[in-house]
$ cat protein_10.cif   # mmCIF, C-alpha atoms and all ligand atoms
data_final
#
loop_
_atom_site.label_atom_id
_atom_site.label_comp_id
_atom_site.auth_asym_id
_atom_site.auth_seq_id
_atom_site.Cartn_x
_atom_site.Cartn_y
_atom_site.Cartn_z
CA MET L 1 -4.73 32.40 8.81
CA LYS L 2 -7.68 33.44 6.66
CA ASP L 3 -5.64 33.43 3.50
CA ARG L 4 -3.78 30.16 4.07
CA TYR L 5 -5.43 28.51 1.02
CA ARG L 6 -5.31 31.61 -1.20
CA LYS L 7 -2.92 30.21 -3.81
CA GLN L 8 -4.67 26.86 -3.96
CA GLU L 9 -8.01 28.66 -4.37
CA LEU L 10 -6.59 30.60 -7.32
CA PHE L 11 -6.12 27.23 -9.02
CA ILE L 12 -9.12 25.13 -7.91
CA GLY L 13 -11.51 28.00 -7.14
CA LYS L 14 -13.37 28.85 -3.92
CA ASP L 15 -15.88 26.24 -4.87
CA GLY L 16 -13.14 23.59 -5.18
CA GLN L 17 -11.64 24.64 -1.85
CA ALA L 18 -15.02 24.27 -0.16
CA LYS L 19 -15.26 20.73 -1.52
CA VAL L 20 -11.76 19.93 -0.26
CA GLU L 21 -12.69 21.21 3.21
CA ASN L 22 -15.81 19.02 3.22
CA SER L 23 -14.10 15.82 2.14
CA ARG L 24 -13.04 12.72 4.05
CA ILE L 25 -10.03 10.70 2.91
CA VAL L 26 -8.87 7.35 4.27
CA LEU L 27 -5.15 6.60 4.12
CA ILE L 28 -4.24 2.92 4.34
CA GLY L 29 -0.66 2.75 5.62
CA MET L 30 1.43 5.49 7.21
CA GLY L 31 4.88 4.53 5.94
CA ALA L 32 6.69 6.52 3.27
CA LEU L 33 3.77 6.99 0.87
CA GLY L 34 1.27 7.61 3.65
CA SER L 35 3.49 10.25 5.27
CA ALA L 36 4.02 12.11 2.01
CA SER L 37 0.33 12.02 1.00
CA ALA L 38 -0.91 12.94 4.47
CA GLU L 39 1.29 16.02 4.64
CA MET L 40 0.08 17.29 1.25
CA LEU L 41 -3.58 16.59 2.08
CA VAL L 42 -3.37 18.28 5.47
CA ARG L 43 -1.68 21.35 4.01
CA ALA L 44 -4.42 21.42 1.32
CA GLY L 45 -7.05 21.62 4.09
CA ILE L 46 -8.85 18.28 3.68
CA GLY L 47 -11.81 18.16 6.07
CA GLU L 48 -11.15 14.79 7.65
CA LEU L 49 -8.30 12.34 7.31
CA VAL L 50 -8.24 8.79 8.67
CA LEU L 51 -4.69 7.52 9.32
CA ILE L 52 -4.44 3.74 9.50
CA ASP L 53 -1.27 1.83 10.35
CA ARG L 54 -0.37 -1.28 12.41
CA ASP L 55 3.31 -0.43 12.87
CA TYR L 56 5.61 1.72 15.02
CA VAL L 57 8.44 4.09 14.02
CA GLU L 58 11.94 2.61 13.62
CA TYR L 59 15.21 4.36 12.80
CA HIS L 60 15.46 2.77 9.34
CA ASN L 61 12.15 4.48 8.45
CA LEU L 62 13.55 7.99 8.88
CA GLN L 63 15.36 8.06 5.52
CA ARG L 64 12.05 8.40 3.66
CA GLN L 65 9.08 8.56 6.07
CA GLN L 66 8.96 12.33 6.32
CA LEU L 67 6.61 12.83 9.26
CA TYR L 68 8.77 10.99 11.82
CA THR L 69 11.65 12.04 14.02
CA GLU L 70 14.44 10.36 15.98
CA GLN L 71 12.40 10.95 19.15
CA ASP L 72 9.47 9.00 17.64
CA ALA L 73 11.78 6.06 16.89
CA ALA L 74 13.39 6.18 20.36
CA ALA L 75 9.91 6.09 21.93
CA TYR L 76 8.61 3.26 19.63
CA LEU L 77 5.59 5.46 18.84
CA PRO L 78 2.89 3.97 16.62
CA LYS L 79 3.16 5.62 13.21
CA ALA L 80 -0.47 6.74 13.18
CA SER L 81 -0.07 8.56 16.54
CA ALA L 82 3.27 10.17 15.68
CA ALA L 83 1.82 11.27 12.33
CA LYS L 84 -1.27 12.76 13.95
CA GLU L 85 0.78 14.91 16.29
CA ARG L 86 2.96 16.26 13.49
CA LEU L 87 0.05 16.80 11.08
CA GLN L 88 -2.09 18.56 13.65
CA ALA L 89 0.75 21.01 14.27
CA ILE L 90 0.83 21.73 10.53
CA ASN L 91 -2.92 22.40 10.30
CA HIS L 92 -5.15 22.49 13.38
CA GLN L 93 -8.29 22.82 11.23
CA VAL L 94 -8.12 19.28 9.82
CA THR L 95 -9.94 16.56 11.76
CA LEU L 96 -7.58 13.60 12.16
CA HIS L 97 -8.59 10.08 13.18
CA THR L 98 -6.05 7.38 13.99
CA VAL L 99 -6.51 3.63 13.71
CA ILE L 100 -3.67 1.42 14.99
CA GLU L 101 -4.81 -1.86 13.51
CA ASN L 102 -4.06 -4.32 10.75
CA VAL L 103 -6.47 -3.85 7.84
CA ASP L 104 -8.27 -7.09 7.02
CA HIS L 105 -11.50 -8.35 5.49
CA HIS L 106 -13.29 -8.02 8.85
CA ASN L 107 -12.65 -4.32 9.49
CA ILE L 108 -12.18 -2.71 6.06
CA GLU L 109 -15.81 -1.79 5.38
CA HIS L 110 -16.08 -0.02 8.72
CA LEU L 111 -12.78 1.81 8.15
CA ILE L 112 -13.81 3.25 4.78
CA GLU L 113 -17.30 4.34 5.82
CA ASP L 114 -18.23 7.78 4.41
CA ALA L 115 -14.88 8.11 2.61
CA ASP L 116 -14.79 10.19 -0.58
CA VAL L 117 -11.45 8.69 -1.60
CA ILE L 118 -9.18 5.89 -0.32
CA VAL L 119 -5.42 6.31 -0.75
CA ASP L 120 -3.30 3.16 -0.95
CA ALA L 121 -0.06 3.45 0.98
CA THR L 122 0.24 -0.13 2.13
CA ASP L 123 3.16 -2.47 1.57
CA ASN L 124 1.49 -5.70 0.51
CA PHE L 125 -0.76 -6.92 -2.24
CA GLU L 126 -3.17 -8.90 -0.14
CA THR L 127 -4.28 -5.79 1.77
CA ARG L 128 -4.59 -3.93 -1.53
CA LEU L 129 -6.93 -6.59 -2.91
CA ILE L 130 -9.09 -6.51 0.23
CA VAL L 131 -9.34 -2.71 -0.07
CA ASN L 132 -10.01 -3.03 -3.82
CA ASP L 133 -12.97 -5.38 -3.18
CA ALA L 134 -14.41 -3.06 -0.53
CA ALA L 135 -13.90 0.02 -2.72
CA VAL L 136 -15.70 -1.63 -5.66
CA LYS L 137 -18.56 -2.79 -3.42
CA HIS L 138 -19.12 0.72 -2.05
CA GLY L 139 -18.19 2.66 -5.21
CA ILE L 140 -15.40 4.63 -3.52
CA PRO L 141 -12.39 5.61 -5.70
CA TYR L 142 -9.22 3.84 -4.54
CA LEU L 143 -5.84 5.25 -5.58
CA TYR L 144 -3.29 2.46 -5.98
CA GLY L 145 0.37 3.38 -5.59
CA ALA L 146 3.57 1.47 -4.94
CA CYS L 147 7.29 2.02 -5.14
CA VAL L 148 10.52 0.09 -4.75
CA GLY L 149 14.10 1.02 -5.64
CA SER L 150 13.74 4.02 -7.95
CA TYR L 151 10.56 2.72 -9.61
CA GLY L 152 7.00 3.81 -8.87
CA ILE L 153 3.59 2.86 -10.21
CA ASN L 154 0.18 4.43 -9.89
CA TYR L 155 -3.36 3.56 -10.96
CA PRO L 156 -6.66 5.11 -9.88
CA VAL L 157 -9.30 2.41 -9.32
CA LEU L 158 -12.40 4.43 -10.10
CA ALA L 159 -14.61 1.69 -8.64
CA ASN L 160 -17.45 2.63 -11.00
CA LYS L 161 -17.52 -0.66 -12.95
CA ALA L 162 -16.73 1.35 -16.11
CA ALA L 163 -12.97 0.87 -15.74
CA PRO L 164 -10.80 -2.05 -14.58
CA CYS L 165 -10.30 -2.66 -10.88
CA LEU L 166 -6.96 -3.65 -9.38
CA HIS L 167 -7.88 -7.34 -9.61
CA CYS L 168 -8.49 -6.99 -13.39
CA LEU L 169 -4.95 -5.64 -13.78
CA LEU L 170 -3.09 -8.15 -11.59
CA GLU L 171 -1.14 -9.62 -14.48
CA GLN L 172 -0.02 -6.19 -15.67
CA LEU L 173 1.39 -5.18 -12.31
CA PRO L 174 4.98 -5.95 -11.30
CA GLN L 175 5.46 -9.40 -9.74
CA GLN L 176 5.75 -9.02 -6.02
CA SER L 177 9.21 -10.49 -5.66
CA GLU L 178 10.84 -7.19 -4.73
CA THR L 179 10.20 -5.17 -1.58
CA CYS L 180 11.90 -2.16 -0.01
CA ASP L 181 13.60 -4.60 2.38
CA THR L 182 15.16 -6.59 -0.46
CA ALA L 183 15.71 -4.07 -3.25
CA GLY L 184 15.95 -0.88 -1.18
CA ILE L 185 14.39 2.45 -2.07
CA ILE L 186 15.34 6.08 -2.59
CA SER L 187 12.98 8.72 -1.25
CA PRO L 188 12.37 10.80 -4.42
CA ILE L 189 10.25 8.04 -5.98
CA VAL L 190 8.00 8.11 -2.91
CA GLN L 191 7.32 11.78 -3.59
CA TRP L 192 6.39 11.06 -7.22
CA VAL L 193 3.88 8.33 -6.37
CA ALA L 194 2.35 10.37 -3.54
CA ALA L 195 2.14 13.42 -5.83
CA MET L 196 0.22 11.37 -8.41
CA GLN L 197 -2.16 10.02 -5.77
CA VAL L 198 -2.84 13.38 -4.11
CA THR L 199 -3.42 15.05 -7.49
CA GLU L 200 -5.97 12.36 -8.36
CA ALA L 201 -7.61 12.76 -4.94
CA LEU L 202 -7.94 16.54 -5.42
CA LYS L 203 -9.34 16.08 -8.93
CA ILE L 204 -11.94 13.57 -7.75
CA ILE L 205 -13.00 15.79 -4.84
CA CYS L 206 -13.25 18.82 -7.13
CA GLY L 207 -15.40 16.83 -9.56
CA GLN L 208 -12.81 16.66 -12.35
CA GLU L 209 -12.41 13.66 -14.63
CA VAL L 210 -9.67 11.16 -13.72
CA LYS L 211 -8.56 8.78 -16.45
CA ALA L 212 -8.13 5.03 -15.88
CA GLU L 213 -4.45 5.09 -16.82
CA LEU L 214 -1.61 3.07 -15.37
CA CYS L 215 1.48 5.25 -14.93
CA ALA L 216 4.95 4.07 -14.10
CA PHE L 217 8.13 6.03 -13.64
CA ASP L 218 11.75 5.18 -12.93
CA ILE L 219 13.10 8.34 -11.37
CA TRP L 220 16.72 7.13 -11.67
CA THR L 221 16.64 6.45 -15.42
CA GLY L 222 13.86 8.90 -16.31
CA GLU L 223 11.85 6.18 -18.11
CA HIS L 224 8.15 6.90 -18.02
CA THR L 225 5.19 4.86 -19.25
CA ARG L 226 1.53 5.68 -19.39
CA MET L 227 -0.96 3.05 -20.45
CA ASP L 228 -4.67 3.29 -21.14
CA VAL L 229 -5.90 0.06 -19.54
CA LYS L 230 -9.63 0.37 -20.21
CA CYS L 231 -9.48 -2.60 -22.58
CA LEU L 232 -8.25 -4.80 -19.71
CA GLN L 233 -11.51 -4.64 -17.83
CA ASN L 234 -12.53 -8.24 -17.31
CA SER L 235 -16.24 -9.05 -17.27
CA ASP L 236 -15.34 -12.30 -15.43
CA CYS L 237 -13.31 -10.49 -12.76
CA PRO L 238 -14.19 -12.00 -9.35
CA SER L 239 -14.00 -8.51 -7.82
CA CYS L 240 -15.82 -6.26 -10.33
CA GLY L 241 -17.23 -8.54 -13.06
CA THR L 242 -20.83 -9.49 -13.78
CA ASN L 243 -20.85 -12.29 -11.22
CA ALA L 244 -18.43 -10.75 -8.74
CA VAL L 245 -18.02 -12.60 -5.44
CA LEU L 246 -15.52 -10.14 -3.85
CA PRO L 247 -13.18 -13.01 -2.86
CA PHE L 248 -10.78 -10.94 -0.76
CA LEU L 249 -13.49 -9.05 1.12
CA ASN L 250 -15.39 -12.24 1.82
CA GLY L 251 -12.27 -14.00 3.05
CA PHE L 252 -12.26 -16.75 0.38
CA SER L 253 -8.81 -15.66 -0.75
CA ARG L 254 -6.43 -14.98 2.08
CA THR L 255 -2.99 -15.95 3.20
CA ARG L 256 -3.06 -18.99 5.47
CA LEU L 257 -0.56 -19.25 8.27
CA ASP L 258 -0.28 -22.42 10.31
CA ALA L 259 2.08 -23.03 13.20
CA LEU L 260 3.59 -26.47 12.60
CA CYS L 261 3.05 -28.45 15.78
CA GLY L 262 6.21 -29.35 17.68
CA ARG L 263 8.50 -27.93 14.97
CA GLU L 264 8.80 -24.26 15.99
CA ALA L 265 7.95 -23.26 12.45
CA VAL L 266 5.12 -21.54 10.57
CA HIS L 267 3.82 -22.58 7.14
CA ILE L 268 2.59 -19.73 4.93
CA ARG L 269 0.38 -20.11 1.88
CA PRO L 270 -0.23 -16.83 0.00
CA ALA L 271 -3.75 -15.87 -1.04
CA ALA L 272 -2.90 -15.79 -4.72
CA LYS L 273 -0.46 -18.37 -6.10
CA LYS L 274 2.80 -16.80 -7.17
CA SER L 275 5.24 -17.93 -9.78
CA LEU L 276 8.61 -16.96 -8.36
CA GLU L 277 11.81 -17.08 -10.39
CA LEU L 278 13.97 -18.66 -7.70
CA PRO L 279 17.40 -18.43 -9.40
CA ALA L 280 16.83 -14.71 -10.06
CA LEU L 281 15.71 -14.18 -6.45
CA ALA L 282 18.78 -16.05 -5.15
CA GLU L 283 20.96 -13.62 -7.08
CA GLU L 284 18.97 -10.56 -6.01
CA TRP L 285 18.98 -11.50 -2.33
CA ALA L 286 22.66 -12.51 -2.21
CA SER L 287 23.62 -9.50 -0.10
CA ILE L 288 20.71 -9.58 2.34
CA VAL L 289 20.33 -13.28 3.19
CA ASP L 290 22.87 -15.87 4.36
CA GLU L 291 23.64 -19.48 3.54
CA ILE L 292 21.43 -19.52 0.46
CA THR L 293 20.94 -22.82 -1.36
CA ALA L 294 18.72 -23.23 -4.41
CA ASN L 295 17.33 -26.04 -6.51
CA GLU L 296 14.58 -25.94 -9.12
CA PHE L 297 11.84 -26.35 -6.48
CA LEU L 298 12.91 -24.21 -3.58
CA LEU L 299 15.30 -21.78 -1.92
CA VAL L 300 16.69 -22.32 1.58
CA PHE L 301 18.38 -19.45 3.41
CA GLN L 302 18.85 -17.58 6.70
CA TYR L 303 17.11 -14.20 7.11
CA MET L 304 16.34 -12.09 10.19
CA GLY L 305 17.53 -14.95 12.40
CA HIS L 306 15.28 -17.57 10.78
CA ARG L 307 15.88 -20.46 8.41
CA ILE L 308 13.41 -20.02 5.58
CA VAL L 309 12.32 -22.41 2.86
CA LEU L 310 10.59 -20.68 -0.06
CA PHE L 311 8.79 -22.57 -2.85
CA THR L 312 8.13 -21.39 -6.43
CA ASP L 313 4.40 -20.95 -5.75
CA GLY L 314 5.13 -18.50 -2.94
CA ARG L 315 4.61 -20.95 -0.06
CA ALA L 316 7.17 -20.69 2.70
CA ILE L 317 8.20 -22.37 5.93
CA ILE L 318 9.71 -19.99 8.47
CA HIS L 319 11.71 -21.89 11.11
CA GLY L 320 12.52 -20.74 14.63
CA VAL L 321 9.15 -19.07 15.23
CA ASN L 322 5.75 -20.04 16.67
CA ASP L 323 4.29 -16.55 16.57
CA ILE L 324 2.19 -16.21 13.43
CA SER L 325 2.35 -12.41 13.25
CA ARG L 326 6.17 -12.47 13.50
CA ALA L 327 6.24 -15.03 10.66
CA ARG L 328 3.97 -12.76 8.62
CA THR L 329 6.25 -9.76 9.14
CA VAL L 330 9.30 -11.75 8.01
CA TYR L 331 7.46 -13.10 4.95
CA ASP L 332 6.00 -9.71 3.88
CA SER L 333 9.36 -8.00 4.16
CA LEU L 334 10.83 -10.52 1.71
CA VAL L 335 8.04 -11.35 -0.71
CA GLY L 336 5.58 -8.45 -0.30
ZN ZN H 1 -11.94 -6.22 -11.71
#

$ encode --input "protein_10.cif" --output "structure tokens"
Amino acid sequence: MKDRYRKQELFIGKDGQAKVENSRIVLIGMGALGSASAEMLVRAGIGELVLIDRDYVEYHNLQRQQLYTEQDAAAYLPKASAAKERLQAINHQVTLHTVIENVDHHNIEHLIEDADVIVDATDNFETRLIVNDAAVKHGIPYLYGACVGSYGINYPVLANKAAPCLHCLLEQLPQQSETCDTAGIISPIVQWVAAMQVTEALKIICGQEVKAELCAFDIWTGEHTRMDVKCLQNSDCPSCGTNAVLPFLNGFSRTRLDALCGREAVHIRPAAKKSLELPALAEEWASIVDEITANEFLLVFQYMGHRIVLFTDGRAIIHGVNDISRARTVYDSLVG
């Protein structure tokens, strides 16, 4: 096994390899992106990898979440545990830690302790903004990545206050009205985003310069964009500006969920106000929701066994549920 990294060493040098083997990377989310990144990092010989995920393996994950098997889905294994077993078999030298928890503003700082790099493989923007705040506070590079359909996007938050953070770029990023549950996804785009993130992680660990560029790629059409976003750094940004208050880390901005007494319904108010194009959503969701009715203020429809009312600002009422975490799952799968 002595020469297992020989070809990588030819490229990054023995010195680079030593840095890789001494590094600690935190992966937030072990779905499609997390699986792809984790496998590359483990094969590269990263010293320590922290695998964080709140979910368990389901059959509909297997099309793109490369670490999991039918047996994992049949056994309802938590993704972090199933991933650890597979990854450890690939490389016994890597130290793997698993965390089966939801990432929130209470636990994030503990989870990223001593990390050299944080890799974003989550499925919702609120978690990303919590991680972004924590990354900026502690000066840890945070590699944003997301994909839906055949489209992927990537941006390295350098967290050095010399380049924009994710919060600075919010208006440039795609509106979160599409998710893998509504628009679907093909697996090749997952590989592209993960490849970008892992390359950036290796460069950072090896002490190479990483540019603050936003890259997007549609792997179906071949359209590619690359944007230097340095000029978008906002000195008034609440997360990285001169008077930053880290609103997501400090819990000022977070989604509110309230069970509506006696109505078997949950009211959801997203952390950041959205501006949803309801007629376009009604068209887009036609094949995945039932009994959809729209007017200029709201959409009403049936989805996953619930009647849902969705307002233009992103608020929603999910009927037929008292359990707040179930309501959250339904909402995130639709609106992201
Ligand atoms: Zn910022």

$ residues_around --input "protein_10.cif" --residues "Ile204 in chain L" --least-positions-apart "2" --cutoff "10 Å" --atoms "all atoms listed in the file" --output "MDAnalysis selection string"
chainID L and resid 20 116:117 141 158 198:202 206:210

$ residues_near_ligand --input "protein_10.cif" --ligand "ligand ZN 1 (chain H)" --cutoff "8 Å" --atoms "only C-alpha atoms and all ligand atoms" --output "list in words"
Lys161, Pro164, Cys165, Leu166, His167, Cys168, Leu169, Gln233, Asn234, Ser235, Asp236, Cys237, Pro238, Ser239, Cys240 and Gly241 of chain L

$ atom_distance --input "protein_10.cif" --atom1 "CA of Arg254 in chain L" --atom2 "CA of Glu126 in chain L"
7.2 Å

$ closest_residue --input "protein_10.cif" --among "L:Glu21, L:Glu113, L:Glu70, L:Ile108" --to "Gln93 in chain L" --atoms "all atoms listed in the file"
L:Glu21

$ closest_atom_pairs --input "protein_10.cif" --of "range 198-258 of chain L" --to "range 297-317 of chain L" --cutoff "10 Å" --atoms "all atoms listed in the file" --output "Markdown table"
| residue | atom | partner | partner_atom | distance |
| --- | --- | --- | --- | --- |
| L:Thr255 | CA | L:Arg315 | CA | 9.7 |
| L:Arg256 | CA | L:Arg315 | CA | 9.7 |
| L:Leu257 | CA | L:Ile317 | CA | 9.6 |
| L:Asp258 | CA | L:Ile317 | CA | 9.5 |

$ closest_residue --input "protein_10.cif" --among "L:Asn91, L:Ser187, L:Ser81, L:Gln197" --to "Met1 in chain L" --atoms "only C-alpha atoms"
L:Asn91

$ atom_distance --input "protein_10.cif" --atom1 "CA of Ile288 in chain L" --atom2 "CA of Tyr56 in chain L"
22.7 Å

$ atom_distance --input "protein_10.cif" --atom1 "CA of Asn22 in chain L" --atom2 "CA of Glu48 in chain L"
7.7 Å

$ closest_atom_pairs --input "protein_10.cif" --of "range 102-209 of chain L" --to "range 216-230 of chain L" --cutoff "8 Å" --atoms "all atoms listed in the file" --output "Markdown table"
| residue | atom | partner | partner_atom | distance |
| --- | --- | --- | --- | --- |
| L:Ser150 | CA | L:Asp218 | CA | 5.5 |
| L:Tyr151 | CA | L:Asp218 | CA | 4.3 |
| L:Gly152 | CA | L:Phe217 | CA | 5.4 |
| L:Ile153 | CA | L:Ala216 | CA | 4.3 |
| L:Asn154 | CA | L:Ala216 | CA | 6.4 |
| L:Ala163 | CA | L:Lys230 | CA | 5.6 |
| L:Pro164 | CA | L:Lys230 | CA | 6.2 |
| L:Pro188 | CA | L:Ile219 | CA | 7.4 |
| L:Ile189 | CA | L:Ile219 | CA | 6.1 |

$ write_last_selection --input "protein_10.cif" --atoms "C-alpha atoms" --output "JSON list (two decimals), keeping the file's coordinate frame"
[["chain", "number", "residue", "atom", "x", "y", "z"],
["L", 150, "SER", "CA", 13.74, 4.02, -7.95],
["L", 151, "TYR", "CA", 10.56, 2.72, -9.61],
["L", 152, "GLY", "CA", 7.00, 3.81, -8.87],
["L", 153, "ILE", "CA", 3.59, 2.86, -10.21],
["L", 154, "ASN", "CA", 0.18, 4.43, -9.89],
["L", 163, "ALA", "CA", -12.97, 0.87, -15.74],
["L", 164, "PRO", "CA", -10.80, -2.05, -14.58],
["L", 188, "PRO", "CA", 12.37, 10.80, -4.42],
["L", 189, "ILE", "CA", 10.25, 8.04, -5.98]]

$ residues_around --input "protein_10.cif" --residues "Ser253 in chain L" --least-positions-apart "6" --cutoff "8 Å" --atoms "all atoms listed in the file" --output "ChimeraX atom specification"
/L:247,271-272

$ closest_residue --input "protein_10.cif" --among "L:Ala134, L:Ala286, L:Ala183, L:Met196" --to "Tyr155 in chain L" --atoms "only C-alpha atoms"
L:Met196

$ residues_around --input "protein_10.cif" --residues "Asp323 in chain L" --least-positions-apart "6" --cutoff "9 Å" --atoms "only C-alpha atoms" --output "list in words"
Ala259, Glu264, Ala265 and Val266 of chain L

$ closest_residue --input "protein_10.cif" --among "L:Cys180, L:Val157, L:Ala115, L:Ile90" --to "Asn61 in chain L" --atoms "all atoms listed in the file"
L:Cys180

$ closest_residue --input "protein_10.cif" --among "L:Asp3, L:Glu85, L:Asp15, L:Asp123" --to "Ala32 in chain L" --atoms "all atoms listed in the file"
L:Asp123

$ closest_residue --input "protein_10.cif" --among "L:Glu171, L:Glu9, L:Glu101, L:Asp120" --to "Tyr144 in chain L" --atoms "only C-alpha atoms"
L:Asp120

$ build_atoms --input "protein_10.cif" --residues "range 216-230 of chain L" --atoms "N, CA and C atoms" --output "compact mmCIF listing (two decimals), in the frame of the given file"
# COMPACT_ATOMS: atom_id res chain seq x y z
N ALA L 216 3.77 4.57 -14.79
CA ALA L 216 4.95 4.07 -14.10
C ALA L 216 6.13 4.97 -14.42
N PHE L 217 7.01 5.11 -13.47
CA PHE L 217 8.13 6.03 -13.64
C PHE L 217 9.34 5.47 -12.92
N ASP L 218 10.49 5.49 -13.60
CA ASP L 218 11.75 5.18 -12.93
C ASP L 218 12.50 6.49 -12.79
N ILE L 219 12.58 6.99 -11.58
CA ILE L 219 13.10 8.34 -11.37
C ILE L 219 14.62 8.38 -11.52
N TRP L 220 15.26 7.20 -11.53
CA TRP L 220 16.72 7.13 -11.67
C TRP L 220 17.11 7.20 -13.15
N THR L 221 16.32 6.48 -13.99
CA THR L 221 16.64 6.45 -15.42
C THR L 221 15.82 7.47 -16.21
N GLY L 222 14.73 7.95 -15.61
CA GLY L 222 13.86 8.90 -16.31
C GLY L 222 12.85 8.22 -17.21
N GLU L 223 12.82 6.88 -17.25
CA GLU L 223 11.85 6.18 -18.11
C GLU L 223 10.45 6.32 -17.55
N HIS L 224 9.52 6.63 -18.44
CA HIS L 224 8.15 6.90 -18.02
C HIS L 224 7.20 6.15 -18.95
N THR L 225 6.20 5.47 -18.39
CA THR L 225 5.19 4.86 -19.25
C THR L 225 3.80 5.23 -18.75
N ARG L 226 2.90 5.31 -19.71
CA ARG L 226 1.53 5.68 -19.39
C ARG L 226 0.66 4.80 -20.27
N MET L 227 -0.22 4.03 -19.67
CA MET L 227 -0.96 3.05 -20.45
C MET L 227 -2.46 3.19 -20.19
N ASP L 228 -3.22 3.32 -21.28
CA ASP L 228 -4.67 3.29 -21.14
C ASP L 228 -5.07 1.83 -20.97
N VAL L 229 -5.65 1.48 -19.83
CA VAL L 229 -5.90 0.06 -19.54
C VAL L 229 -7.39 -0.29 -19.62
N LYS L 230 -8.18 0.61 -20.16
CA LYS L 230 -9.63 0.37 -20.21
C LYS L 230 -9.98 -0.99 -20.81
